[in-house]
Amino acid sequence: MGAVTTDNGVDRADRVPKQDRSRATRQRLLEAAVACLAEHGWAGSTVSVVAERAGVSRGAAQHHFPTREDLFTAAVEYVAEERSTALRALFPQGAAGDRRAVVSALVDLYTGPLFRAALHLWVAASNEDQLRPRVTELEAHVGRETHRIAVDLLAADESRPGVRETVQGLLDMARGLGLANLLTDDTGRRERVVAQWAAILDRELRD
């Protein structure tokens, strides 16, 4: 049997590896963009810098992401989704019985390179009219997803008065710890705050 071809004569068997390579290139660009943004900020993170770090040509980068704004908003969203998946994987059966572990994992979301990259993107968006609506939409999406994950992992019943605000307060606290961590190693205080919030959640969310 001969090779199966598409209508324009392209061998499908040859196309699949090309599609795989395209996905791999896109992923390398996204990961390199987040790393550059976290290390160098918006001003130092150009498409050329990202392409070089990813080991691809500038033309290949612009094929996947025509503008700088496309690249960096997609990059932060991509890593946010990866982190959300990883967070859920830590507690495949839920974790209502170990709320301290959940609080600690949520705080970790805000103390790594993703948060640092997102912060640079927020600052840039405050001065870039083209970037602002994209980042606003992205932040709303990431915020909703993180809140949903927190509710699921904590087995929080948001139909009860005050529970939604308690979960949101936890996430706001985690973001604040992430900001503090940008300047100093705040590990000791962070661990005490995590323990206190776990105790608060055990009290507020108990049946």
# chains A, B, ... in the order shown; residues from 1 in each chain; ligands from 1
$ residues_around --residues "Leu90 (chain A)" --least-positions-apart "4" --cutoff "12 Å" --atoms "only C-alpha atoms" --output "JSON, numbers by chain"
{"A": [83, 84, 85, 86, 94, 95, 98, 101, 102, 104, 105, 106, 149, 153]}
$ write_last_selection --atoms "N, CA and C atoms" --output "tab-separated table (two decimals), in the first residue's frame"
chain	number	residue	atom	x	y	z
A	83	ARG	N	1.14	25.04	35.93
A	83	ARG	CA	1.22	25.03	37.39
A	83	ARG	C	-0.10	24.59	38.02
A	84	SER	N	-1.22	24.99	37.41
A	84	SER	CA	-2.52	24.57	37.92
A	84	SER	C	-2.65	23.05	37.82
A	85	THR	N	-2.21	22.50	36.71
A	85	THR	CA	-2.26	21.05	36.52
A	85	THR	C	-1.38	20.35	37.55
A	86	ALA	N	-0.20	20.91	37.78
A	86	ALA	CA	0.72	20.32	38.76
A	86	ALA	C	0.14	20.39	40.16
A	94	GLY	N	-8.05	14.96	46.48
A	94	GLY	CA	-8.49	16.06	47.33
A	94	GLY	C	-7.61	16.14	48.56
A	95	ALA	N	-7.76	17.23	49.32
A	95	ALA	CA	-6.86	17.40	50.47
A	95	ALA	C	-7.52	18.15	51.61
A	98	ASP	N	-5.87	17.94	54.98
A	98	ASP	CA	-4.52	18.48	55.18
A	98	ASP	C	-4.46	19.88	54.60
A	101	ALA	N	-1.09	21.68	53.93
A	101	ALA	CA	-0.39	21.33	52.70
A	101	ALA	C	-0.97	22.10	51.52
A	102	VAL	N	-2.29	22.29	51.50
A	102	VAL	CA	-2.92	23.04	50.43
A	102	VAL	C	-2.49	24.50	50.47
A	104	SER	N	0.20	25.75	51.77
A	104	SER	CA	1.60	25.83	51.40
A	104	SER	C	1.77	25.73	49.89
A	105	ALA	N	1.02	24.82	49.24
A	105	ALA	CA	1.12	24.66	47.79
A	105	ALA	C	0.62	25.89	47.06
A	106	LEU	N	-0.46	26.50	47.55
A	106	LEU	CA	-0.97	27.72	46.94
A	106	LEU	C	0.01	28.87	47.08
A	149	ILE	N	-9.58	26.01	41.94
A	149	ILE	CA	-8.73	24.93	42.44
A	149	ILE	C	-8.68	24.97	43.97
A	153	LEU	N	-9.76	21.90	46.40
A	153	LEU	CA	-8.80	21.23	47.27
A	153	LEU	C	-9.16	21.37	48.75
$ residues_around --residues "region 162-175 of chain A" --least-positions-apart "6" --cutoff "8 Å" --atoms "only C-alpha atoms" --output "VMD selection string"
chain A and resid 103 106 to 107 110 147 150 to 151 156 197 201 204 to 205
$ closest_residue --among "A:Trp122, A:Arg203, A:Arg28, A:Ala60" --to "Val135 (chain A)" --atoms "only C-alpha atoms"
A:Trp122
$ closest_residue --among "A:Asp108, A:Glu39, A:Asp202, A:Glu145" --to "Glu77 (chain A)" --atoms "only C-alpha atoms"
A:Glu145
$ closest_residue --among "A:Val47, A:Gln27, A:Leu179, A:Ile200" --to "Pro113 (chain A)" --atoms "only C-alpha atoms"
A:Leu179
$ atom_distance --atom1 "CA of Arg58 (chain A)" --atom2 "CA of Leu71 (chain A)"
12.1 Å
$ closest_residue --among "A:Leu37, A:Ala32, A:Glu69, A:His141" --to "Arg53 (chain A)" --atoms "only C-alpha atoms"
A:Ala32
$ closest_residue --among "A:Leu119, A:Glu139, A:Arg99, A:Gly178" --to "Ala155 (chain A)" --atoms "only C-alpha atoms"
A:Arg99
$ closest_residue --among "A:Ala80, A:Ala89, A:Ala140, A:Leu131" --to "Leu114 (chain A)" --atoms "only C-alpha atoms"
A:Ala80
$ select_by_dssp --residues "region 79-193 of chain A" --states "helix (DSSP H, G or I)" --output "ChimeraX atom specification"
/A:79-90,99-109,113-125,132-154,163-183,187-193
$ atom_distance --atom1 "CA of Leu29 (chain A)" --atom2 "CA of Val79 (chain A)"
11.6 Å
$ atom_distance --atom1 "CA of Leu87 (chain A)" --atom2 "CA of Val34 (chain A)"
18.6 Å
